[in-house]
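K.L.:
Just work_28.pdb, nothing more (PDB, C-alpha atoms):
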```
ATOM      1  CA  MET I   1     -10.093  10.151   8.825  1.00  0.00           C
ATOM      2  CA  LEU I   2     -11.359   6.888   7.342  1.00  0.00           C
ATOM      3  CA  GLN I   3     -12.526   4.315   9.891  1.00  0.00           C
ATOM      4  CA  GLY I   4     -12.185   0.585   9.290  1.00  0.00           C
ATOM      5  CA  ASN I   5     -13.011  -2.291  11.622  1.00  0.00           C
ATOM      6  CA  GLN I   6      -9.483  -2.485  13.051  1.00  0.00           C
ATOM      7  CA  VAL I   7      -7.702   0.555  11.667  1.00  0.00           C
ATOM      8  CA  ARG I   8      -8.039   4.238  10.930  1.00  0.00           C
ATOM      9  CA  LEU I   9      -6.579   5.830   7.820  1.00  0.00           C
ATOM     10  CA  ARG I  10      -5.489   9.412   8.362  1.00  0.00           C
ATOM     11  CA  ALA I  11      -3.451  12.077   6.649  1.00  0.00           C
ATOM     12  CA  LEU I  12       0.283  11.606   6.633  1.00  0.00           C
ATOM     13  CA  GLU I  13       2.032  14.034   9.006  1.00  0.00           C
ATOM     14  CA  PRO I  14       5.679  15.166   9.258  1.00  0.00           C
ATOM     15  CA  GLU I  15       5.801  13.486  12.683  1.00  0.00           C
ATOM     16  CA  ASP I  16       5.333  10.124  10.910  1.00  0.00           C
ATOM     17  CA  LEU I  17       8.639  10.388   9.043  1.00  0.00           C
ATOM     18  CA  PRO I  18      10.877   8.899  11.780  1.00  0.00           C
ATOM     19  CA  ASP I  19       8.699   5.761  11.707  1.00  0.00           C
ATOM     20  CA  TYR I  20       9.124   5.490   7.920  1.00  0.00           C
ATOM     21  CA  HIS I  21      12.854   6.082   8.222  1.00  0.00           C
ATOM     22  CA  ARG I  22      13.144   3.216  10.721  1.00  0.00           C
ATOM     23  CA  TRP I  23      10.818   0.861   8.834  1.00  0.00           C
ATOM     24  CA  LEU I  24      12.215   1.454   5.349  1.00  0.00           C
ATOM     25  CA  ASN I  25      15.737   0.754   6.520  1.00  0.00           C
ATOM     26  CA  ASP I  26      14.714  -2.648   7.912  1.00  0.00           C
ATOM     27  CA  PRO I  27      15.487  -5.446   5.402  1.00  0.00           C
ATOM     28  CA  GLU I  28      12.531  -7.550   6.613  1.00  0.00           C
ATOM     29  CA  VAL I  29      10.072  -4.691   6.060  1.00  0.00           C
ATOM     30  CA  VAL I  30      11.332  -3.805   2.586  1.00  0.00           C
ATOM     31  CA  ARG I  31      11.717  -7.432   1.431  1.00  0.00           C
ATOM     32  CA  TYR I  32       8.619  -7.184  -0.777  1.00  0.00           C
ATOM     33  CA  LEU I  33       8.928  -3.511  -1.704  1.00  0.00           C
ATOM     34  CA  LYS I  34      10.787  -2.018  -4.641  1.00  0.00           C
ATOM     35  CA  LEU I  35      13.277  -0.312  -2.328  1.00  0.00           C
ATOM     36  CA  TYR I  36      16.850  -1.495  -2.528  1.00  0.00           C
ATOM     37  CA  ALA I  37      19.037   1.223  -0.963  1.00  0.00           C
ATOM     38  CA  PRO I  38      19.101   2.707   2.549  1.00  0.00           C
ATOM     39  CA  LEU I  39      17.095   5.901   3.027  1.00  0.00           C
ATOM     40  CA  SER I  40      18.188   8.945   5.015  1.00  0.00           C
ATOM     41  CA  MET I  41      15.919  11.321   6.911  1.00  0.00           C
ATOM     42  CA  PRO I  42      16.465  13.962   4.172  1.00  0.00           C
ATOM     43  CA  ASP I  43      15.299  11.301   1.661  1.00  0.00           C
ATOM     44  CA  GLU I  44      12.135  10.787   3.722  1.00  0.00           C
ATOM     45  CA  GLU I  45      11.553  14.530   4.027  1.00  0.00           C
ATOM     46  CA  ALA I  46      11.958  14.980   0.260  1.00  0.00           C
ATOM     47  CA  TRP I  47       9.523  12.097  -0.357  1.00  0.00           C
ATOM     48  CA  TYR I  48       7.003  13.710   1.998  1.00  0.00           C
ATOM     49  CA  GLN I  49       7.185  17.020   0.120  1.00  0.00           C
ATOM     50  CA  GLU I  50       6.845  15.192  -3.200  1.00  0.00           C
ATOM     51  CA  VAL I  51       3.747  13.327  -2.010  1.00  0.00           C
ATOM     52  CA  ARG I  52       2.160  16.542  -0.709  1.00  0.00           C
ATOM     53  CA  ASP I  53       2.701  18.264  -4.062  1.00  0.00           C
ATOM     54  CA  ASP I  54       1.684  15.360  -6.326  1.00  0.00           C
ATOM     55  CA  SER I  55      -2.013  15.262  -7.224  1.00  0.00           C
ATOM     56  CA  SER I  56      -1.593  11.830  -8.836  1.00  0.00           C
ATOM     57  CA  GLN I  57      -1.204  10.091  -5.481  1.00  0.00           C
ATOM     58  CA  MET I  58      -2.780   9.972  -2.042  1.00  0.00           C
ATOM     59  CA  VAL I  59      -0.936   8.532   0.943  1.00  0.00           C
ATOM     60  CA  PHE I  60      -2.592   7.633   4.238  1.00  0.00           C
ATOM     61  CA  ALA I  61      -1.035   6.675   7.556  1.00  0.00           C
ATOM     62  CA  ILE I  62      -2.480   3.485   9.038  1.00  0.00           C
ATOM     63  CA  GLU I  63      -3.254   3.568  12.758  1.00  0.00           C
ATOM     64  CA  SER I  64      -4.314   0.649  14.930  1.00  0.00           C
ATOM     65  CA  GLU I  65      -7.399   0.952  17.110  1.00  0.00           C
ATOM     66  CA  ALA I  66      -5.058   2.020  19.921  1.00  0.00           C
ATOM     67  CA  GLY I  67      -3.874   4.961  17.824  1.00  0.00           C
ATOM     68  CA  GLN I  68      -0.462   3.461  17.046  1.00  0.00           C
ATOM     69  CA  HIS I  69       1.044   4.365  13.661  1.00  0.00           C
ATOM     70  CA  ILE I  70       1.744   0.979  12.031  1.00  0.00           C
ATOM     71  CA  GLY I  71       2.150   1.626   8.302  1.00  0.00           C
ATOM     72  CA  ASN I  72       0.888   3.401   5.230  1.00  0.00           C
ATOM     73  CA  LEU I  73      -1.417   2.866   2.311  1.00  0.00           C
ATOM     74  CA  SER I  74      -1.482   4.779  -0.941  1.00  0.00           C
ATOM     75  CA  LEU I  75      -3.261   5.257  -4.203  1.00  0.00           C
ATOM     76  CA  MET I  76      -0.684   6.065  -6.872  1.00  0.00           C
ATOM     77  CA  ASP I  77      -0.845   6.962 -10.535  1.00  0.00           C
ATOM     78  CA  LEU I  78      -4.391   8.264 -10.108  1.00  0.00           C
ATOM     79  CA  ASN I  79      -5.926   8.403 -13.564  1.00  0.00           C
ATOM     80  CA  TRP I  80      -9.047  10.552 -13.416  1.00  0.00           C
ATOM     81  CA  LYS I  81     -10.007   9.946 -17.042  1.00  0.00           C
ATOM     82  CA  ASP I  82     -10.014   6.165 -16.756  1.00  0.00           C
ATOM     83  CA  ARG I  83     -10.957   6.227 -13.035  1.00  0.00           C
ATOM     84  CA  SER I  84      -8.119   3.950 -11.902  1.00  0.00           C
ATOM     85  CA  ALA I  85      -5.218   3.905  -9.449  1.00  0.00           C
ATOM     86  CA  GLU I  86      -2.499   1.607  -8.173  1.00  0.00           C
ATOM     87  CA  LEU I  87      -2.618   0.542  -4.534  1.00  0.00           C
ATOM     88  CA  GLY I  88       0.481   0.277  -2.368  1.00  0.00           C
ATOM     89  CA  ILE I  89       0.662  -0.781   1.267  1.00  0.00           C
ATOM     90  CA  VAL I  90       3.242  -1.454   3.948  1.00  0.00           C
ATOM     91  CA  ILE I  91       2.736  -2.488   7.543  1.00  0.00           C
ATOM     92  CA  GLY I  92       6.072  -1.254   8.844  1.00  0.00           C
ATOM     93  CA  ASP I  93       5.617  -2.244  12.476  1.00  0.00           C
ATOM     94  CA  LYS I  94       6.618  -5.916  12.379  1.00  0.00           C
ATOM     95  CA  GLY I  95       4.893  -6.527  15.725  1.00  0.00           C
ATOM     96  CA  GLN I  96       1.593  -5.873  13.923  1.00  0.00           C
ATOM     97  CA  TRP I  97       2.108  -8.343  11.068  1.00  0.00           C
ATOM     98  CA  GLY I  98      -0.420 -11.154  10.708  1.00  0.00           C
ATOM     99  CA  LYS I  99      -3.197  -9.385  12.627  1.00  0.00           C
ATOM    100  CA  GLY I 100      -5.414  -8.506   9.663  1.00  0.00           C
ATOM    101  CA  TYR I 101      -4.538  -4.806   9.635  1.00  0.00           C
ATOM    102  CA  ALA I 102      -3.422  -4.760   5.998  1.00  0.00           C
ATOM    103  CA  GLN I 103      -6.627  -6.431   4.845  1.00  0.00           C
ATOM    104  CA  ASP I 104      -8.820  -4.053   6.880  1.00  0.00           C
ATOM    105  CA  ALA I 105      -6.859  -1.014   5.673  1.00  0.00           C
ATOM    106  CA  THR I 106      -7.187  -2.198   2.068  1.00  0.00           C
ATOM    107  CA  ARG I 107     -10.956  -2.712   2.365  1.00  0.00           C
ATOM    108  CA  THR I 108     -11.326   0.704   4.023  1.00  0.00           C
ATOM    109  CA  LEU I 109      -9.375   2.395   1.244  1.00  0.00           C
ATOM    110  CA  LEU I 110     -11.311   0.535  -1.465  1.00  0.00           C
ATOM    111  CA  ALA I 111     -14.610   1.713   0.039  1.00  0.00           C
ATOM    112  CA  PHE I 112     -13.299   5.283  -0.139  1.00  0.00           C
ATOM    113  CA  ALA I 113     -11.839   4.869  -3.639  1.00  0.00           C
ATOM    114  CA  PHE I 114     -15.034   3.402  -5.125  1.00  0.00           C
ATOM    115  CA  GLY I 115     -17.604   5.215  -2.998  1.00  0.00           C
ATOM    116  CA  GLU I 116     -16.142   8.701  -2.629  1.00  0.00           C
ATOM    117  CA  MET I 117     -13.548   9.080  -5.372  1.00  0.00           C
ATOM    118  CA  ASN I 118     -15.694   7.341  -7.993  1.00  0.00           C
ATOM    119  CA  LEU I 119     -12.831   5.122  -9.165  1.00  0.00           C
ATOM    120  CA  ASN I 120     -13.700   2.094 -11.266  1.00  0.00           C
ATOM    121  CA  ARG I 121     -10.510   0.013 -10.993  1.00  0.00           C
ATOM    122  CA  VAL I 122      -7.788  -0.370  -8.376  1.00  0.00           C
ATOM    123  CA  TYR I 123      -4.795  -2.525  -9.205  1.00  0.00           C
ATOM    124  CA  LEU I 124      -1.552  -3.582  -7.555  1.00  0.00           C
ATOM    125  CA  ARG I 125       1.634  -5.499  -8.165  1.00  0.00           C
ATOM    126  CA  VAL I 126       2.851  -8.172  -5.765  1.00  0.00           C
ATOM    127  CA  PHE I 127       5.807 -10.578  -5.697  1.00  0.00           C
ATOM    128  CA  THR I 128       4.641 -14.038  -6.781  1.00  0.00           C
ATOM    129  CA  ASP I 129       6.238 -15.613  -3.690  1.00  0.00           C
ATOM    130  CA  HIS I 130       4.508 -13.256  -1.223  1.00  0.00           C
ATOM    131  CA  GLU I 131       1.673 -15.674  -0.477  1.00  0.00           C
ATOM    132  CA  PRO I 132       0.322 -13.943   2.669  1.00  0.00           C
ATOM    133  CA  ALA I 133      -0.191 -10.722   0.699  1.00  0.00           C
ATOM    134  CA  ILE I 134      -1.682 -12.516  -2.316  1.00  0.00           C
ATOM    135  CA  ASN I 135      -4.147 -14.337  -0.045  1.00  0.00           C
ATOM    136  CA  ALA I 136      -5.121 -11.088   1.704  1.00  0.00           C
ATOM    137  CA  TYR I 137      -5.682  -9.344  -1.629  1.00  0.00           C
ATOM    138  CA  ARG I 138      -7.852 -12.220  -2.840  1.00  0.00           C
ATOM    139  CA  LYS I 139      -9.947 -11.980   0.344  1.00  0.00           C
ATOM    140  CA  CYS I 140     -10.473  -8.289  -0.470  1.00  0.00           C
ATOM    141  CA  GLY I 141     -11.743  -9.257  -3.940  1.00  0.00           C
ATOM    142  CA  PHE I 142      -8.657  -8.711  -6.103  1.00  0.00           C
ATOM    143  CA  VAL I 143      -8.205 -11.109  -9.010  1.00  0.00           C
ATOM    144  CA  GLU I 144      -5.057 -11.959 -10.898  1.00  0.00           C
ATOM    145  CA  GLU I 145      -4.854 -10.214 -14.267  1.00  0.00           C
ATOM    146  CA  GLY I 146      -1.370 -11.162 -15.341  1.00  0.00           C
ATOM    147  CA  ARG I 147       2.247 -11.841 -14.572  1.00  0.00           C
ATOM    148  CA  LEU I 148       5.183  -9.521 -15.158  1.00  0.00           C
ATOM    149  CA  ARG I 149       8.054 -11.912 -15.781  1.00  0.00           C
ATOM    150  CA  GLU I 150      11.372 -11.128 -14.090  1.00  0.00           C
ATOM    151  CA  GLU I 151      10.088  -7.653 -13.217  1.00  0.00           C
ATOM    152  CA  ILE I 152      12.187  -7.072 -10.085  1.00  0.00           C
ATOM    153  CA  TYR I 153      15.793  -7.870  -9.241  1.00  0.00           C
ATOM    154  CA  ALA I 154      16.193  -8.603  -5.522  1.00  0.00           C
ATOM    155  CA  ASP I 155      18.169 -11.007  -3.365  1.00  0.00           C
ATOM    156  CA  GLY I 156      20.511 -11.787  -6.248  1.00  0.00           C
ATOM    157  CA  ARG I 157      17.836 -12.945  -8.698  1.00  0.00           C
ATOM    158  CA  TYR I 158      14.903 -11.793 -10.790  1.00  0.00           C
ATOM    159  CA  HIS I 159      11.362 -12.149  -9.467  1.00  0.00           C
ATOM    160  CA  ASP I 160       8.020 -12.284 -11.246  1.00  0.00           C
ATOM    161  CA  MET I 161       5.259  -9.943 -10.125  1.00  0.00           C
ATOM    162  CA  LEU I 162       1.531 -10.573 -10.273  1.00  0.00           C
ATOM    163  CA  VAL I 163      -0.796  -7.826 -11.396  1.00  0.00           C
ATOM    164  CA  MET I 164      -4.059  -8.021  -9.466  1.00  0.00           C
ATOM    165  CA  ALA I 165      -7.072  -5.722  -9.675  1.00  0.00           C
ATOM    166  CA  ILE I 166     -10.573  -5.166  -8.423  1.00  0.00           C
ATOM    167  CA  LEU I 167     -13.389  -3.325 -10.158  1.00  0.00           C
ATOM    168  CA  ARG I 168     -16.013  -1.237  -8.395  1.00  0.00           C
ATOM    169  CA  ARG I 169     -18.771  -3.724  -9.317  1.00  0.00           C
ATOM    170  CA  GLU I 170     -16.737  -6.567  -7.740  1.00  0.00           C
ATOM    171  CA  PHE I 171     -16.169  -4.822  -4.403  1.00  0.00           C
ATOM    172  CA  ASN I 172     -18.318  -6.104  -1.529  1.00  0.00           C
ATOM    173  CA  GLY I 173     -17.579  -3.245   0.922  1.00  0.00           C
TER     174      GLY I 173
END
```
What is this structure when it is put down as structure tokens?
P.N.:
Amino acid sequence: MLQGNQVRLRALEPEDLPDYHRWLNDPEVVRYLKLYAPLSMPDEEAWYQEVRDDSSQMVFAIESEAGQHIGNLSLMDLNWKDRSAELGIVIGDKGQWGKGYAQDATRTLLAFAFGEMNLNRVYLRVFTDHEPAINAYRKCGFVEEGRLREEIYADGRYHDMLVMAILRREFNG
């Protein structure tokens, strides 16, 4: 278990899947994710098995200080040669939005990624109009590296995505 100031990151468990099923079928939750179709429980179960068997990604459940499962955080496309990975996060419990949990979870994972996994670079992609997320990432030390023009089709139009990253030497724990 990885302890942050407000959250704990723990291993993903099969008991977490009903939460993901509920969250990832909520249009507000998936608004800034790449998901576009409803997910069934068998879809979630298949995803869980895939994650468990895939050494190129690590997924953590995010718990509040009270022990409530509120979301997940992952390192994907782990590249051990170049020491890099892509970060993904979702706070699925909408009642926990805006409380700083995503920022604390991100900092906690970065400390683990740079300090324990010996990664050098963690990057992410974010919708250009998702200002709360962009601001949180900047507070964690991420900097904009580029723009992927019309990368995602959602809500009847194409959206640009920002690529942001942080290097180990830039991270202030």
K.L.:
Can you spell out as a PyMOL selection string the set of residues that the PyMOL selection byres ((chain I and resi 6) around 7) selects in the structure I just provided?
P.N.:
chain I and resi 4-5+7+64-65+101+104
K.L.:
Pull C-alpha atoms from the residues just selected and write them as an mmCIF file, keeping the file's coordinate frame.
P.N.:
```
data_model
loop_
_atom_site.group_PDB
_atom_site.id
_atom_site.type_symbol
_atom_site.label_atom_id
_atom_site.label_comp_id
_atom_site.auth_asym_id
_atom_site.auth_seq_id
_atom_site.Cartn_x
_atom_site.Cartn_y
_atom_site.Cartn_z
ATOM 1 C CA GLY I 4 -12.185 0.585 9.290
ATOM 2 C CA ASN I 5 -13.011 -2.291 11.622
ATOM 3 C CA VAL I 7 -7.702 0.555 11.667
ATOM 4 C CA SER I 64 -4.314 0.649 14.930
ATOM 5 C CA GLU I 65 -7.399 0.952 17.110
ATOM 6 C CA TYR I 101 -4.538 -4.806 9.635
ATOM 7 C CA ASP I 104 -8.820 -4.053 6.880
#
```
K.L.:
For the point (15.0, 4.3, 2.9) in the file's frame, write as number ranges by chain all residues with an atom no more than 8 Å away, counting all atoms listed in the file.
P.N.:
I: 20-21, 24-25, 35, 37-40, 43-44
K.L.:
Could you please take those selected residues and save C-alpha atoms as an mmCIF file, keeping the file's coordinate frame?
P.N.:
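part10.cif, freshly written:
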```cif
data_model
loop_
_atom_site.group_PDB
_atom_site.id
_atom_site.type_symbol
_atom_site.label_atom_id
_atom_site.label_comp_id
_atom_site.auth_asym_id
_atom_site.auth_seq_id
_atom_site.Cartn_x
_atom_site.Cartn_y
_atom_site.Cartn_z
ATOM 1 C CA TYR I 20 9.124 5.490 7.920
ATOM 2 C CA HIS I 21 12.854 6.082 8.222
ATOM 3 C CA LEU I 24 12.215 1.454 5.349
ATOM 4 C CA ASN I 25 15.737 0.754 6.520
ATOM 5 C CA LEU I 35 13.277 -0.312 -2.328
ATOM 6 C CA ALA I 37 19.037 1.223 -0.963
ATOM 7 C CA PRO I 38 19.101 2.707 2.549
ATOM 8 C CA LEU I 39 17.095 5.901 3.027
ATOM 9 C CA SER I 40 18.188 8.945 5.015
ATOM 10 C CA ASP I 43 15.299 11.301 1.661
ATOM 11 C CA GLU I 44 12.135 10.787 3.722
#
```
K.L.:
Could you expand the PyMOL selection byres ((chain I and resi 123) around 9) into the explicit residues it covers here, written as a list of chain:residue names?
P.N.:
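In the shown coordinates, the PyMOL selection byres ((chain I and resi 123) around 9) covers I:Ser84, I:Ala85, I:Glu86, I:Leu87, I:Arg121, I:Val122, I:Leu124, I:Arg125, I:Phe142, I:Val163, I:Met164, I:Ala165, I:Ile166, I:Leu167.
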K.L.:
Evaluate the PyMOL selection byres ((chain I and resi 130) around 12) here and jot the selected residues down as a ChimeraX atom specification.
P.N.:
/I:31-33,125-129,131-137,159-162
K.L.:
CA of Cys140 (chain I) to CA of Leu110 (chain I): how many Å, to one decimal?
P.N.:
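Those two atoms sit 8.9 Å apart.
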K.L.:
Using only C-alpha atoms for the distances, tell me which of I:Gly71, I:Leu2, I:Leu12, I:Ile89 is nearest to Arg52 (chain I).
P.N.:
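Of I:Gly71, I:Leu2, I:Leu12, I:Ile89, the one nearest Arg52 (chain I), counting only C-alpha atoms, is I:Leu12.
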K.L.:
Can you pull out every residue within 9 Å of Ala11 (chain I), counting all atoms listed in the file, but drop anything in the same chain fewer than 3 positions away, and send it as a PyMOL selection string?
P.N.:
chain I and resi 1+58-62
K.L.:
Rounded to one decimal, what separation in Å do you get between CA of Pro18 (chain I) and CA of Gln3 (chain I)?
P.N.:
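Computing it gives 23.9 Å between the two atoms.
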K.L.:
Find the distance between CA of Leu9 (chain I) and CA of Ala105 (chain I) and write it in Å to one decimal.
P.N.:
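Between CA of Leu9 (chain I) and CA of Ala105 (chain I) the gap is 7.2 Å.
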K.L.:
Find the spatial neighbours of Ile70 (chain I), counting all atoms listed in the file, within a cut-off of 10 Å - ignore same-chain residues fewer than 3 positions away - and output them as a list in words.
P.N.:
Val7, Asp16, Asp19, Tyr20, Trp23, Ala61, Ile62, Glu63, Ser64, Gly67, Val90, Ile91, Gly92, Asp93, Lys94, Gly95, Gln96, Trp97, Tyr101 and Ala102 of chain I
